[in-house]
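Coordinates as given in target.pdb (PDB, C-alpha atoms and all ligand atoms):
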ATOM      1  CA  MET P  12      -4.062 -12.619   1.668
ATOM      2  CA  GLN P  13      -6.402  -9.999   0.258
ATOM      3  CA  ILE P  14      -5.637  -7.679  -2.665
ATOM      4  CA  ARG P  15      -7.560  -4.402  -2.671
ATOM      5  CA  ASP P  16      -7.194  -0.762  -3.641
ATOM      6  CA  LEU P  17      -5.210   1.271  -1.155
ATOM      7  CA  THR P  18      -6.817   4.267   0.528
ATOM      8  CA  SER P  19      -5.271   7.460   1.884
ATOM      9  CA  GLU P  20      -5.102   5.733   5.259
ATOM     10  CA  ASP P  21      -2.563   3.272   3.840
ATOM     11  CA  SER P  22      -0.171   5.988   2.671
ATOM     12  CA  ASN P  23       2.230   5.726   5.623
ATOM     13  CA  ALA P  24       2.534   1.951   5.247
ATOM     14  CA  ALA P  25       3.034   2.287   1.482
ATOM     15  CA  ALA P  26       5.687   4.969   1.910
ATOM     16  CA  VAL P  27       7.609   2.765   4.367
ATOM     17  CA  LEU P  28       7.388  -0.249   2.030
ATOM     18  CA  TRP P  29       8.539   1.797  -0.960
ATOM     19  CA  HIS P  30      11.411   3.325   0.977
ATOM     20  CA  GLN P  31      12.572  -0.066   2.259
ATOM     21  CA  SER P  32      12.292  -1.434  -1.304
ATOM     22  CA  GLY P  33      14.562   1.270  -2.701
ATOM     23  CA  LEU P  34      11.856   2.832  -4.853
ATOM     24  CA  THR P  35      11.802   6.335  -3.368
ATOM     25  CA  ARG P  36      13.976   9.303  -4.195
ATOM     26  CA  PRO P  37      14.555  12.307  -1.888
ATOM     27  CA  TRP P  38      13.329  14.847  -4.438
ATOM     28  CA  ASN P  39       9.981  13.137  -4.972
ATOM     29  CA  SER P  40       7.084  12.670  -2.551
ATOM     30  CA  ALA P  41       5.922   9.052  -2.637
ATOM     31  CA  LYS P  42       2.804   9.991  -0.690
ATOM     32  CA  ASP P  43       1.869  12.603  -3.312
ATOM     33  CA  ASP P  44       2.364   9.994  -6.033
ATOM     34  CA  LEU P  45       0.080   7.656  -4.147
ATOM     35  CA  GLN P  46      -2.654  10.246  -3.607
ATOM     36  CA  ARG P  47      -2.611  11.301  -7.266
ATOM     37  CA  ALA P  48      -2.995   7.677  -8.353
ATOM     38  CA  LEU P  49      -5.889   7.169  -5.927
ATOM     39  CA  ASP P  50      -7.585  10.386  -7.053
ATOM     40  CA  GLY P  51      -7.221   9.681 -10.786
ATOM     41  CA  GLU P  52     -10.061   8.190 -12.784
ATOM     42  CA  THR P  53      -7.710   5.908 -14.714
ATOM     43  CA  SER P  54      -5.366   4.793 -11.975
ATOM     44  CA  THR P  55      -5.157   3.160  -8.585
ATOM     45  CA  VAL P  56      -2.713   1.496  -6.227
ATOM     46  CA  LEU P  57      -3.285  -2.166  -5.447
ATOM     47  CA  GLY P  58      -2.113  -3.574  -2.136
ATOM     48  CA  ALA P  59      -1.797  -7.099  -0.759
ATOM     49  CA  PHE P  60      -2.782  -7.318   2.887
ATOM     50  CA  HIS P  61      -2.515 -10.031   5.501
ATOM     51  CA  GLU P  62      -4.506  -9.185   8.614
ATOM     52  CA  GLU P  63      -4.459  -5.520   7.544
ATOM     53  CA  GLN P  64      -0.663  -5.486   7.235
ATOM     54  CA  LEU P  65       0.476  -4.152   3.851
ATOM     55  CA  LEU P  66       2.845  -6.683   2.252
ATOM     56  CA  ALA P  67       2.997  -5.610  -1.402
ATOM     57  CA  THR P  68       1.880  -2.887  -3.807
ATOM     58  CA  ALA P  69       1.514  -2.140  -7.497
ATOM     59  CA  MET P  70       0.457   1.238  -8.874
ATOM     60  CA  VAL P  71      -1.469   0.999 -12.154
ATOM     61  CA  GLY P  72      -2.758   3.537 -14.631
ATOM     62  CA  HIS P  73      -3.592   3.748 -18.325
ATOM     63  CA  ASP P  74      -3.982   6.219 -21.181
ATOM     64  CA  GLY P  75      -6.738   4.281 -22.936
ATOM     65  CA  HIS P  76      -4.344   2.047 -24.862
ATOM     66  CA  ARG P  77      -1.195   1.465 -22.863
ATOM     67  CA  GLY P  78      -1.228   0.605 -19.200
ATOM     68  CA  TRP P  79       1.648   1.287 -16.850
ATOM     69  CA  VAL P  80       2.835  -0.350 -13.650
ATOM     70  CA  TYR P  81       4.813   1.581 -11.044
ATOM     71  CA  TYR P  82       5.838   1.011  -7.438
ATOM     72  CA  LEU P  83       5.819  -2.760  -7.594
ATOM     73  CA  ALA P  84       7.165  -3.706  -4.189
ATOM     74  CA  VAL P  85       7.060  -6.782  -1.970
ATOM     75  CA  ASP P  86       7.948  -6.691   1.709
ATOM     76  CA  LYS P  87      11.492  -8.061   2.138
ATOM     77  CA  GLY P  88      10.274 -10.853   4.417
ATOM     78  CA  GLN P  89       7.792 -12.036   1.787
ATOM     79  CA  ARG P  90       9.978 -12.042  -1.329
ATOM     80  CA  GLY P  91      10.440 -15.269  -3.217
ATOM     81  CA  THR P  92       7.012 -16.573  -2.213
ATOM     82  CA  GLY P  93       5.130 -15.680  -5.397
ATOM     83  CA  LEU P  94       3.698 -12.401  -4.153
ATOM     84  CA  GLY P  95       5.392 -10.310  -6.831
ATOM     85  CA  ARG P  96       3.934 -12.579  -9.498
ATOM     86  CA  ARG P  97       0.482 -12.269  -7.879
ATOM     87  CA  MET P  98       0.724  -8.475  -7.793
ATOM     88  CA  MET P  99       1.701  -8.352 -11.449
ATOM     89  CA  ALA P 100      -1.236 -10.638 -12.305
ATOM     90  CA  ALA P 101      -3.526  -8.319 -10.321
ATOM     91  CA  ALA P 102      -2.061  -5.252 -12.053
ATOM     92  CA  GLU P 103      -2.452  -6.811 -15.502
ATOM     93  CA  GLY P 104      -6.010  -7.870 -14.618
ATOM     94  CA  TRP P 105      -6.919  -4.362 -13.491
ATOM     95  CA  LEU P 106      -5.494  -2.841 -16.675
ATOM     96  CA  ARG P 107      -7.248  -5.372 -18.905
ATOM     97  CA  GLU P 108     -10.584  -4.740 -17.169
ATOM     98  CA  ASN P 109     -10.072  -1.021 -17.654
ATOM     99  CA  GLY P 110      -9.473  -1.276 -21.405
ATOM    100  CA  ALA P 111      -5.708  -1.278 -21.741
ATOM    101  CA  VAL P 112      -4.375  -3.625 -24.399
ATOM    102  CA  LYS P 113      -0.685  -3.392 -23.544
ATOM    103  CA  VAL P 114       1.248  -3.084 -20.309
ATOM    104  CA  GLN P 115       4.541  -1.257 -19.960
ATOM    105  CA  LEU P 116       6.852  -0.451 -17.105
ATOM    106  CA  MET P 117      10.151   1.235 -16.470
ATOM    107  CA  VAL P 118      13.040  -0.336 -14.611
ATOM    108  CA  ARG P 119      15.884   1.781 -13.311
ATOM    109  CA  SER P 120      19.212   0.904 -14.882
ATOM    110  CA  GLY P 121      21.136  -1.189 -12.394
ATOM    111  CA  ASN P 122      18.107  -2.960 -10.904
ATOM    112  CA  ALA P 123      19.262  -6.342 -12.207
ATOM    113  CA  ALA P 124      16.952  -8.288  -9.883
ATOM    114  CA  ALA P 125      13.902  -6.499 -11.267
ATOM    115  CA  PHE P 126      15.060  -7.092 -14.860
ATOM    116  CA  GLY P 127      15.425 -10.808 -14.072
ATOM    117  CA  PHE P 128      11.993 -10.914 -12.444
ATOM    118  CA  TYR P 129      10.206  -9.161 -15.324
ATOM    119  CA  ASN P 130      12.031 -11.217 -17.952
ATOM    120  CA  HIS P 131      10.905 -14.346 -16.132
ATOM    121  CA  LEU P 132       7.300 -13.093 -16.287
ATOM    122  CA  GLY P 133       7.491 -12.611 -20.056
ATOM    123  CA  TYR P 134       8.280  -8.896 -20.282
ATOM    124  CA  GLU P 135      10.478  -7.999 -23.235
ATOM    125  CA  ASP P 136      12.750  -5.147 -24.171
ATOM    126  CA  ALA P 137      10.459  -2.645 -25.930
ATOM    127  CA  ASP P 138      13.337  -1.331 -28.047
ATOM    128  CA  VAL P 139      12.526   2.283 -27.189
ATOM    129  CA  SER P 140      14.496   4.842 -25.259
ATOM    130  CA  VAL P 141      12.654   6.956 -22.701
ATOM    131  CA  ARG P 142      13.244  10.737 -22.717
ATOM    132  CA  SER P 143      12.222  12.907 -19.782
ATOM    133  CA  LYS P 144      12.301  16.543 -18.725
ATOM    134  CA  TRP P 145      11.363  18.193 -15.459
ATOM    135  CA  LEU P 146       8.438  20.630 -15.728
ATOM    136  CA  THR P 147       8.921  22.121 -12.271
TER     137      THR P 147
HETATM  138  C1  LIG P 201      10.960  -7.506  -7.840
HETATM  139  C2  LIG P 201      10.043  -8.037  -6.716
HETATM  140  C3  LIG P 201       8.723  -7.319  -6.770
HETATM  141  C4  LIG P 201       9.827  -9.539  -6.966
HETATM  142  O1  LIG P 201       8.884 -10.002  -6.006
HETATM  143  P1  LIG P 201       8.940 -11.485  -5.416
HETATM  144  O2  LIG P 201       7.720 -11.653  -4.576
HETATM  145  O3  LIG P 201      10.255 -11.737  -4.752
HETATM  146  O4  LIG P 201       8.850 -12.401  -6.702
HETATM  147  P2  LIG P 201       8.101 -13.789  -6.835
HETATM  148  O5  LIG P 201       8.408 -14.651  -5.656
HETATM  149  O6  LIG P 201       6.649 -13.543  -7.113
HETATM  150  O7  LIG P 201       8.767 -14.394  -8.141
HETATM  151  C5  LIG P 201       7.981 -14.747  -9.276
HETATM  152  C6  LIG P 201       8.848 -15.552 -10.208
HETATM  153  O8  LIG P 201       9.942 -14.755 -10.678
HETATM  154  C7  LIG P 201      11.157 -15.418 -10.411
HETATM  155  N1  LIG P 201      12.156 -14.414 -10.106
HETATM  156  C8  LIG P 201      12.133 -13.531  -9.096
HETATM  157  N2  LIG P 201      13.226 -12.732  -9.162
HETATM  158  C9  LIG P 201      13.934 -13.155 -10.232
HETATM  159  C10 LIG P 201      15.170 -12.741 -10.834
HETATM  160  N3  LIG P 201      15.878 -11.727 -10.339
HETATM  161  N4  LIG P 201      15.605 -13.387 -11.923
HETATM  162  C11 LIG P 201      14.889 -14.417 -12.461
HETATM  163  N5  LIG P 201      13.708 -14.850 -11.929
HETATM  164  C12 LIG P 201      13.239 -14.220 -10.837
HETATM  165  C13 LIG P 201      10.868 -16.353  -9.232
HETATM  166  O9  LIG P 201      11.766 -17.424  -9.185
HETATM  167  C14 LIG P 201       9.451 -16.780  -9.529
HETATM  168  O10 LIG P 201       9.441 -17.816 -10.478
HETATM  169  P3  LIG P 201       8.217 -18.880 -10.587
HETATM  170  O11 LIG P 201       6.952 -18.175 -10.198
HETATM  171  O12 LIG P 201       8.238 -19.326 -12.009
HETATM  172  O13 LIG P 201       8.548 -19.975  -9.594
HETATM  173  C15 LIG P 201      10.714  -7.870  -5.339
HETATM  174  O14 LIG P 201      11.983  -8.445  -5.352
HETATM  175  C16 LIG P 201      10.840  -6.434  -4.874
HETATM  176  O15 LIG P 201       9.937  -5.889  -4.222
HETATM  177  N6  LIG P 201      11.998  -5.771  -5.198
HETATM  178  C17 LIG P 201      12.269  -4.399  -4.732
HETATM  179  C18 LIG P 201      11.437  -3.363  -5.460
HETATM  180  C19 LIG P 201      11.694  -3.369  -6.951
HETATM  181  O16 LIG P 201      12.817  -3.363  -7.414
HETATM  182  N7  LIG P 201      10.589  -3.326  -7.704
HETATM  183  C20 LIG P 201      10.622  -3.257  -9.145
HETATM  184  C21 LIG P 201      10.718  -1.832  -9.567
HETATM  185  S1  LIG P 201      10.821  -1.664 -11.351
END
Can you give me the file's structure in the form of structure tokens?
Amino acid sequence: MQIRDLTSEDSNAAAVLWHQSGLTRPWNSAKDDLQRALDGETSTVLGAFHEEQLLATAMVGHDGHRGWVYYLAVDKGQRGTGLGRRMMAAAEGWLRENGAVKVQLMVRSGNAAAFGFYNHLGYEDADVSVRSKWLT
């Protein structure tokens, strides 16, 4: 198993993985999200590969203080084998190396499995409420 940065050539495989993992929404282009993260100077998308097959991803980016993790996904056939934990360790490592001192992430309400997973890994309720507004 090798963990490396994705490239544009991995975008189809990532989009399939994200769709199958329930992370995509019809009004948002996952491939555009991926390309923006790859193009950014303070972001990337990490992927776990076995024989060039994409098995897991984690998008990471930071604002100089806080780091964020998005699109954490493990192939359904590989879940429960420690790959999610490895991807979070890789994401945290990338953020630490790039100067972030704190890591945050958002979990959609209703994703109880993800809440259980993150709680198990030591993530706590940040006691903040996120506000958002479309700019388009
Ligand atoms: C969430 C997800 C990434 C977890 O990946 P995974 O590879 O199955 O998790 P792991 O096998 O690495 O589990 C790591 C640890 O968390 C524990 N764990 C996993 N899910 C758990 C849950 N729902 N509740 C409590 N503990 C959980 C495991 O038992 C394991 O414990 P251990 O390492 O101490 O033995 C995976 O289920 C997934 O891709 N889900 C769909 C996409 C998604 O919802 N992503 C999160 C978006 S916010």
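Ranking P:Val114, P:Ile14, P:Val141, P:Ala124 by their shortest atom-to-atom distance to Val56 in chain P, with all atoms listed in the file included, puts P:Ile14 first.
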Residue contacts of Tyr82 in chain P (12 Å, only C-alpha atoms) excluding same-chain residues fewer than 6 positions away, as a JSON list (two decimals) with C-alpha atoms, in the frame of the given file:
[["chain", "number", "residue", "atom", "x", "y", "z"],
["P", 25, "ALA", "CA", 3.03, 2.29, 1.48],
["P", 26, "ALA", "CA", 5.69, 4.97, 1.91],
["P", 28, "LEU", "CA", 7.39, -0.25, 2.03],
["P", 29, "TRP", "CA", 8.54, 1.80, -0.96],
["P", 30, "HIS", "CA", 11.41, 3.32, 0.98],
["P", 31, "GLN", "CA", 12.57, -0.07, 2.26],
["P", 32, "SER", "CA", 12.29, -1.43, -1.30],
["P", 33, "GLY", "CA", 14.56, 1.27, -2.70],
["P", 34, "LEU", "CA", 11.86, 2.83, -4.85],
["P", 35, "THR", "CA", 11.80, 6.34, -3.37],
["P", 41, "ALA", "CA", 5.92, 9.05, -2.64],
["P", 42, "LYS", "CA", 2.80, 9.99, -0.69],
["P", 44, "ASP", "CA", 2.36, 9.99, -6.03],
["P", 45, "LEU", "CA", 0.08, 7.66, -4.15],
["P", 48, "ALA", "CA", -3.00, 7.68, -8.35],
["P", 55, "THR", "CA", -5.16, 3.16, -8.59],
["P", 56, "VAL", "CA", -2.71, 1.50, -6.23],
["P", 57, "LEU", "CA", -3.28, -2.17, -5.45],
["P", 58, "GLY", "CA", -2.11, -3.57, -2.14],
["P", 67, "ALA", "CA", 3.00, -5.61, -1.40],
["P", 68, "THR", "CA", 1.88, -2.89, -3.81],
["P", 69, "ALA", "CA", 1.51, -2.14, -7.50],
["P", 70, "MET", "CA", 0.46, 1.24, -8.87],
["P", 71, "VAL", "CA", -1.47, 1.00, -12.15],
["P", 72, "GLY", "CA", -2.76, 3.54, -14.63],
["P", 95, "GLY", "CA", 5.39, -10.31, -6.83],
["P", 98, "MET", "CA", 0.72, -8.48, -7.79],
["P", 99, "MET", "CA", 1.70, -8.35, -11.45],
["P", 102, "ALA", "CA", -2.06, -5.25, -12.05],
["P", 116, "LEU", "CA", 6.85, -0.45, -17.10],
["P", 117, "MET", "CA", 10.15, 1.24, -16.47],
["P", 118, "VAL", "CA", 13.04, -0.34, -14.61],
["P", 119, "ARG", "CA", 15.88, 1.78, -13.31],
["P", 125, "ALA", "CA", 13.90, -6.50, -11.27]]
Starting from the shown file, work through the PyMOL selection byres (((chain P and resi 76) around 8) and not hetatm) and note down what comes out as a ChimeraX atom specification.
/P:73-75,77-78,110-113
Any idea what's packed within 10 Å of Gln64 in chain P, counting only C-alpha atoms, ignoring anything in its chain fewer than 3 positions away? Could you give it as a short mmCIF file (atom, residue, chain, number, x, y, z; two decimals) with C-alpha atoms, in the coordinates of the input?
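Full text of result-v8.cif as output:
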data_model
loop_
_atom_site.label_atom_id
_atom_site.label_comp_id
_atom_site.auth_asym_id
_atom_site.auth_seq_id
_atom_site.Cartn_x
_atom_site.Cartn_y
_atom_site.Cartn_z
CA MET P 12 -4.06 -12.62 1.67
CA ASP P 21 -2.56 3.27 3.84
CA ALA P 24 2.53 1.95 5.25
CA GLY P 58 -2.11 -3.57 -2.14
CA ALA P 59 -1.80 -7.10 -0.76
CA PHE P 60 -2.78 -7.32 2.89
CA HIS P 61 -2.52 -10.03 5.50
CA ALA P 67 3.00 -5.61 -1.40
#
Distance in Å - CA of Gly127 in chain P versus CA of Gly88 in chain P:
19.2 Å
I'd like the box whose edges run along x, y and z of the file and which contains every listed atom of ligand LIG 201 (chain P), padded by 5 Å per side; could you state its centre and edge lengths in Å, one decimal, as AutoDock Vina command-line options?
--center_x 11.3 --center_y -10.8 --center_z -8.3 --size_x 19.2 --size_y 28.3 --size_z 18.2
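With all atoms listed in the file as the atoms that count, the minimum distance from Trp105 in chain P to the choices P:Gly51, P:Asp86, P:Asn122, P:Arg15 is reached by P:Arg15.
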Nearest candidate to ligand LIG 201 (chain P) (options P:Leu17, P:Leu106, P:Val85, P:Val139; using only C-alpha atoms and all ligand atoms):
P:Val85
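Note that CA of Asn109 in chain P and atom N5 of ligand LIG 201 (chain P) are 28.1 Å apart.
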What separation in Å, quoted to one decimal, exists between CA of Pro37 in chain P and CA of Thr18 in chain P?
23.0 Å
Rank P:Ser22, P:Asn39, P:Glu62, P:Ala84 by their smallest atom-to-atom distance to ligand LIG 201 (chain P), using only C-alpha atoms and all ligand atoms, and report the top residue only.
P:Ala84
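Ranking P:Arg47, P:Arg107, P:Thr53, P:His131 by their shortest atom-to-atom distance to ligand LIG 201 (chain P), with all atoms listed in the file included, puts P:His131 first.
Among the candidates P:Leu94, P:Ala123, P:Ala101, P:Val80, the one nearest to Leu66 in chain P when counting all atoms listed in the file is P:Leu94.
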